[in-house]
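Undergrad: The following file, model-v2.pdb, comprises PDB, C-alpha atoms, pLDDT in the B column:
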```pdb
ATOM      1  CA  VAL V  30     -15.921   9.116   2.093  1.00 90.00           C
ATOM      2  CA  GLY V  31     -12.156   8.602   2.327  1.00 93.00           C
ATOM      3  CA  LEU V  32     -11.350  10.524  -0.840  1.00 93.00           C
ATOM      4  CA  ALA V  33     -13.705  13.338   0.146  1.00 94.00           C
ATOM      5  CA  ALA V  34     -11.985  13.562   3.534  1.00 96.00           C
ATOM      6  CA  LEU V  35      -8.583  13.596   1.857  1.00 94.00           C
ATOM      7  CA  GLU V  36      -9.610  16.308  -0.604  1.00 94.00           C
ATOM      8  CA  ALA V  37     -11.004  18.386   2.279  1.00 94.00           C
ATOM      9  CA  GLY V  38      -7.684  18.083   4.101  1.00 95.00           C
ATOM     10  CA  HIS V  39      -8.968  15.725   6.789  1.00 96.00           C
ATOM     11  CA  VAL V  40      -6.040  13.333   6.500  1.00 97.00           C
ATOM     12  CA  PRO V  41      -6.571  11.472   9.817  1.00 96.00           C
ATOM     13  CA  ARG V  42     -10.187  10.741   8.832  1.00 97.00           C
ATOM     14  CA  ALA V  43      -9.120   9.571   5.364  1.00 97.00           C
ATOM     15  CA  LEU V  44      -6.485   7.291   6.911  1.00 97.00           C
ATOM     16  CA  ALA V  45      -9.048   5.793   9.267  1.00 97.00           C
ATOM     17  CA  VAL V  46     -11.480   5.139   6.414  1.00 96.00           C
ATOM     18  CA  PHE V  47      -8.896   3.538   4.125  1.00 97.00           C
ATOM     19  CA  ARG V  48      -7.297   1.472   6.905  1.00 97.00           C
ATOM     20  CA  ASP V  49     -10.736   0.124   7.748  1.00 97.00           C
ATOM     21  CA  LEU V  50     -11.793  -0.381   4.133  1.00 96.00           C
ATOM     22  CA  LEU V  51      -8.776  -2.232   2.738  1.00 96.00           C
ATOM     23  CA  PRO V  52      -9.046  -5.428   4.834  1.00 96.00           C
ATOM     24  CA  ARG V  53     -12.810  -5.520   4.327  1.00 96.00           C
ATOM     25  CA  VAL V  54     -12.486  -5.300   0.545  1.00 96.00           C
ATOM     26  CA  ARG V  55      -9.739  -7.922   0.551  1.00 96.00           C
ATOM     27  CA  ARG V  56     -11.827 -10.257   2.679  1.00 96.00           C
ATOM     28  CA  VAL V  57     -14.881  -9.933   0.419  1.00 97.00           C
ATOM     29  CA  HIS V  58     -13.251  -9.717  -3.028  1.00 96.00           C
ATOM     30  CA  GLY V  59      -9.672 -10.990  -2.606  1.00 95.00           C
ATOM     31  CA  THR V  60      -6.317  -9.239  -2.571  1.00 92.00           C
ATOM     32  CA  GLY V  61      -5.936  -8.990  -6.342  1.00 92.00           C
ATOM     33  CA  HIS V  62      -9.409  -7.643  -7.052  1.00 93.00           C
ATOM     34  CA  GLU V  63      -9.552  -4.224  -8.706  1.00 92.00           C
ATOM     35  CA  MET V  64     -11.430  -2.752  -5.740  1.00 94.00           C
ATOM     36  CA  ALA V  65      -8.707  -3.975  -3.362  1.00 95.00           C
ATOM     37  CA  ILE V  66      -5.999  -2.489  -5.578  1.00 95.00           C
ATOM     38  CA  THR V  67      -7.846   0.838  -5.669  1.00 95.00           C
ATOM     39  CA  ALA V  68      -8.286   0.789  -1.883  1.00 96.00           C
ATOM     40  CA  LEU V  69      -4.575   0.067  -1.488  1.00 96.00           C
ATOM     41  CA  ASN V  70      -3.681   2.946  -3.792  1.00 96.00           C
ATOM     42  CA  ASN V  71      -6.020   5.275  -1.889  1.00 96.00           C
ATOM     43  CA  LEU V  72      -4.429   4.267   1.418  1.00 97.00           C
ATOM     44  CA  GLY V  73      -1.067   5.059  -0.144  1.00 97.00           C
ATOM     45  CA  LEU V  74      -2.304   8.530  -1.099  1.00 96.00           C
ATOM     46  CA  ALA V  75      -3.569   9.181   2.427  1.00 97.00           C
ATOM     47  CA  LEU V  76      -0.283   7.988   3.934  1.00 97.00           C
ATOM     48  CA  GLN V  77       1.584  10.254   1.527  1.00 97.00           C
ATOM     49  CA  HIS V  78      -0.519  13.239   2.620  1.00 96.00           C
ATOM     50  CA  ALA V  79       0.199  12.296   6.243  1.00 97.00           C
ATOM     51  CA  GLY V  80       3.931  12.385   5.529  1.00 96.00           C
ATOM     52  CA  ASP V  81       4.394   8.623   5.905  1.00 97.00           C
ATOM     53  CA  TYR V  82       6.363   8.184   2.702  1.00 97.00           C
ATOM     54  CA  ALA V  83       7.687   4.728   3.596  1.00 97.00           C
ATOM     55  CA  GLY V  84       4.136   3.506   4.240  1.00 97.00           C
ATOM     56  CA  SER V  85       2.830   5.051   1.047  1.00 98.00           C
ATOM     57  CA  GLN V  86       5.685   3.521  -0.957  1.00 98.00           C
ATOM     58  CA  ARG V  87       4.807   0.066   0.407  1.00 98.00           C
ATOM     59  CA  CYS V  88       1.178   0.542  -0.670  1.00 98.00           C
ATOM     60  CA  PHE V  89       2.067   1.773  -4.144  1.00 97.00           C
ATOM     61  CA  LYS V  90       4.660  -0.978  -4.694  1.00 97.00           C
ATOM     62  CA  GLU V  91       2.172  -3.634  -3.622  1.00 97.00           C
ATOM     63  CA  ALA V  92      -0.463  -2.146  -5.924  1.00 96.00           C
ATOM     64  CA  LEU V  93       2.006  -2.173  -8.838  1.00 96.00           C
ATOM     65  CA  ALA V  94       2.859  -5.816  -8.132  1.00 96.00           C
ATOM     66  CA  LEU V  95      -0.848  -6.694  -8.135  1.00 95.00           C
ATOM     67  CA  LEU V  96      -1.366  -4.816 -11.411  1.00 94.00           C
ATOM     68  CA  GLU V  97       1.459  -6.705 -13.178  1.00 93.00           C
ATOM     69  CA  PRO V  98      -0.567  -9.866 -13.913  1.00 90.00           C
ATOM     70  CA  LEU V  99      -3.479  -7.694 -15.037  1.00 89.00           C
ATOM     71  CA  GLY V 100      -1.451  -6.234 -17.885  1.00 88.00           C
ATOM     72  CA  GLY V 101       1.295  -4.232 -16.213  1.00 85.00           C
ATOM     73  CA  MET V 102       1.911  -0.988 -18.062  1.00 88.00           C
ATOM     74  CA  LYS V 103      -1.041  -1.733 -20.352  1.00 89.00           C
ATOM     75  CA  GLU V 104      -3.354  -1.657 -17.322  1.00 88.00           C
ATOM     76  CA  PRO V 105      -4.767   1.898 -17.115  1.00 85.00           C
ATOM     77  CA  ARG V 106      -4.138   2.268 -13.366  1.00 90.00           C
ATOM     78  CA  TYR V 107      -0.513   1.158 -13.580  1.00 94.00           C
ATOM     79  CA  LEU V 108       0.961   4.475 -14.735  1.00 93.00           C
ATOM     80  CA  GLY V 109      -1.098   6.464 -12.244  1.00 94.00           C
ATOM     81  CA  THR V 110       0.134   4.260  -9.426  1.00 95.00           C
ATOM     82  CA  LEU V 111       3.700   4.537 -10.713  1.00 95.00           C
ATOM     83  CA  ASP V 112       3.281   8.312 -10.734  1.00 95.00           C
ATOM     84  CA  ASN V 113       2.003   8.208  -7.155  1.00 95.00           C
ATOM     85  CA  LEU V 114       5.062   6.183  -6.165  1.00 96.00           C
ATOM     86  CA  SER V 115       7.404   8.653  -7.880  1.00 95.00           C
ATOM     87  CA  GLU V 116       5.970  11.474  -5.782  1.00 94.00           C
ATOM     88  CA  THR V 117       7.097   9.714  -2.600  1.00 93.00           C
ATOM     89  CA  LEU V 118      10.753   9.406  -3.621  1.00 88.00           C
TER      90      LEU V 118
END
```
Output the structure of this file as structure tokens.
TA:
Amino acid sequence: VGLAALEAGHVPRALAVFRDLLPRVRRVHGTGHEMAITALNNLGLALQHAGDYAGSQRCFKEALALLEPLGGMKEPRYLGTLDNLSETL
């Protein structure tokens, strides 16, 4: 729902979905779980689209830190998240 809202240009709706989803996923699966990392990255994308570059950078940096023990640059999502971060600088 959040990604569909973001793709349709409904940034406030996407932000609401991802802000609600992230703590729920963390509570159920844990902070370092792949679903939590994906939710964090998606929140970062929504914040970026909203123009909150500092907020999106925090999300992407946290996601990168969580991906480090999972293989770092060898982890498939690492480079995509790094690319997302680079677009906020």
Undergrad: Take the PyMOL selection byres ((chain V and resi 78) around 12), apply it to the structure above, and return the hits as a list in words.
TA: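 Written out, the selection comes to Leu32, Ala34, Leu35, Glu36, Ala37, Gly38, His39, Val40, Pro41, Arg42, Ala43, Leu44, Asn71, Leu72, Gly73, Leu74, Ala75, Leu76, Gln77, Ala79, Gly80, Asp81, Tyr82, Ala83, Gly84, Ser85, Asn113, Glu116 and Thr117 of chain V.
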Undergrad: Pull out every residue that the PyMOL selection byres ((chain V and resi 91) around 12) matches in the shown coordinates and put them as a ChimeraX atom specification.
TA: /V:60-61,65-70,72-73,84-90,92-97,107,110-111,114
Undergrad: Which residue out of V:Leu108, V:Ala33, V:Leu118, V:Met64 has the minimum interatomic distance to Val46 in chain V when all atoms listed in the file are used?
TA: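 Counting all atoms listed in the file, the residue closest to Val46 in chain V is V:Ala33.
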Undergrad: Using Å and a single decimal, report how far CA of Leu99 in chain V sits from CA of Arg53 in chain V.
TA: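 A separation of 21.6 Å between them.
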Undergrad: Using only C-alpha atoms, which of V:Asp112, V:Gly31, V:Arg106, V:Gly101 sits nearest Arg48 in chain V?
TA: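 Closest to Arg48 in chain V, using only C-alpha atoms: V:Gly31.
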Undergrad: One decimal, Å: what's the distance from CA of Ser115 in chain V over to CA of His58 in chain V, could you say?
TA: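 According to the coordinates, CA of Ser115 in chain V and CA of His58 in chain V are separated by 28.1 Å.
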Undergrad: Just the number, please: distance in Å from CA of Ala45 in chain V to CA of Glu104 in chain V, one decimal.
TA: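 Rounded to one decimal, the two atoms are 28.2 Å apart.
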Undergrad: Could the centre and edge lengths of an axis-aligned box, enclosing all atoms of range 109-113 of chain V in the file with 3 Å extra on each side, be given in Å to one decimal as lines of an AutoDock Vina configuration file?
TA:
```
center_x = 1.3
center_y = 6.3
center_z = -9.7
size_x = 10.8
size_y = 10.1
size_z = 11.1
```
Undergrad: Some atoms are absent from range 79-91 of chain V, so rebuild N, CA and C atoms and return them as a PDB file, in the frame of the given file.
TA:
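out.pdb was written with the following content:
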```
ATOM      1  N   ALA V  79      -0.130  12.267   4.810  1.00 97.00           N
ATOM      2  CA  ALA V  79       0.199  12.296   6.243  1.00 97.00           C
ATOM      3  C   ALA V  79       1.702  12.404   6.470  1.00 97.00           C
ATOM      4  N   GLY V  80       2.478  12.311   5.399  1.00 96.00           N
ATOM      5  CA  GLY V  80       3.931  12.385   5.529  1.00 96.00           C
ATOM      6  C   GLY V  80       4.601  11.053   5.787  1.00 96.00           C
ATOM      7  N   ASP V  81       3.838   9.968   5.720  1.00 97.00           N
ATOM      8  CA  ASP V  81       4.394   8.623   5.905  1.00 97.00           C
ATOM      9  C   ASP V  81       4.784   8.079   4.531  1.00 97.00           C
ATOM     10  N   TYR V  82       5.938   8.539   4.059  1.00 97.00           N
ATOM     11  CA  TYR V  82       6.363   8.184   2.702  1.00 97.00           C
ATOM     12  C   TYR V  82       6.745   6.713   2.596  1.00 97.00           C
ATOM     13  N   ALA V  83       7.340   6.156   3.632  1.00 97.00           N
ATOM     14  CA  ALA V  83       7.687   4.728   3.596  1.00 97.00           C
ATOM     15  C   ALA V  83       6.417   3.880   3.503  1.00 97.00           C
ATOM     16  N   GLY V  84       5.404   4.242   4.282  1.00 97.00           N
ATOM     17  CA  GLY V  84       4.136   3.506   4.240  1.00 97.00           C
ATOM     18  C   GLY V  84       3.446   3.642   2.895  1.00 97.00           C
ATOM     19  N   SER V  85       3.477   4.851   2.346  1.00 98.00           N
ATOM     20  CA  SER V  85       2.830   5.051   1.047  1.00 98.00           C
ATOM     21  C   SER V  85       3.579   4.304  -0.054  1.00 98.00           C
ATOM     22  N   GLN V  86       4.902   4.270   0.031  1.00 98.00           N
ATOM     23  CA  GLN V  86       5.685   3.521  -0.957  1.00 98.00           C
ATOM     24  C   GLN V  86       5.337   2.043  -0.916  1.00 98.00           C
ATOM     25  N   ARG V  87       5.179   1.488   0.286  1.00 98.00           N
ATOM     26  CA  ARG V  87       4.807   0.066   0.407  1.00 98.00           C
ATOM     27  C   ARG V  87       3.461  -0.190  -0.275  1.00 98.00           C
ATOM     28  N   CYS V  88       2.504   0.709  -0.049  1.00 98.00           N
ATOM     29  CA  CYS V  88       1.178   0.542  -0.670  1.00 98.00           C
ATOM     30  C   CYS V  88       1.277   0.606  -2.191  1.00 98.00           C
ATOM     31  N   PHE V  89       1.974   1.610  -2.694  1.00 97.00           N
ATOM     32  CA  PHE V  89       2.067   1.773  -4.144  1.00 97.00           C
ATOM     33  C   PHE V  89       2.833   0.615  -4.789  1.00 97.00           C
ATOM     34  N   LYS V  90       3.898   0.151  -4.147  1.00 97.00           N
ATOM     35  CA  LYS V  90       4.660  -0.978  -4.694  1.00 97.00           C
ATOM     36  C   LYS V  90       3.827  -2.246  -4.707  1.00 97.00           C
ATOM     37  N   GLU V  91       3.050  -2.461  -3.653  1.00 97.00           N
ATOM     38  CA  GLU V  91       2.172  -3.634  -3.622  1.00 97.00           C
ATOM     39  C   GLU V  91       1.109  -3.530  -4.707  1.00 97.00           C
TER      40      GLU V  91
END
```
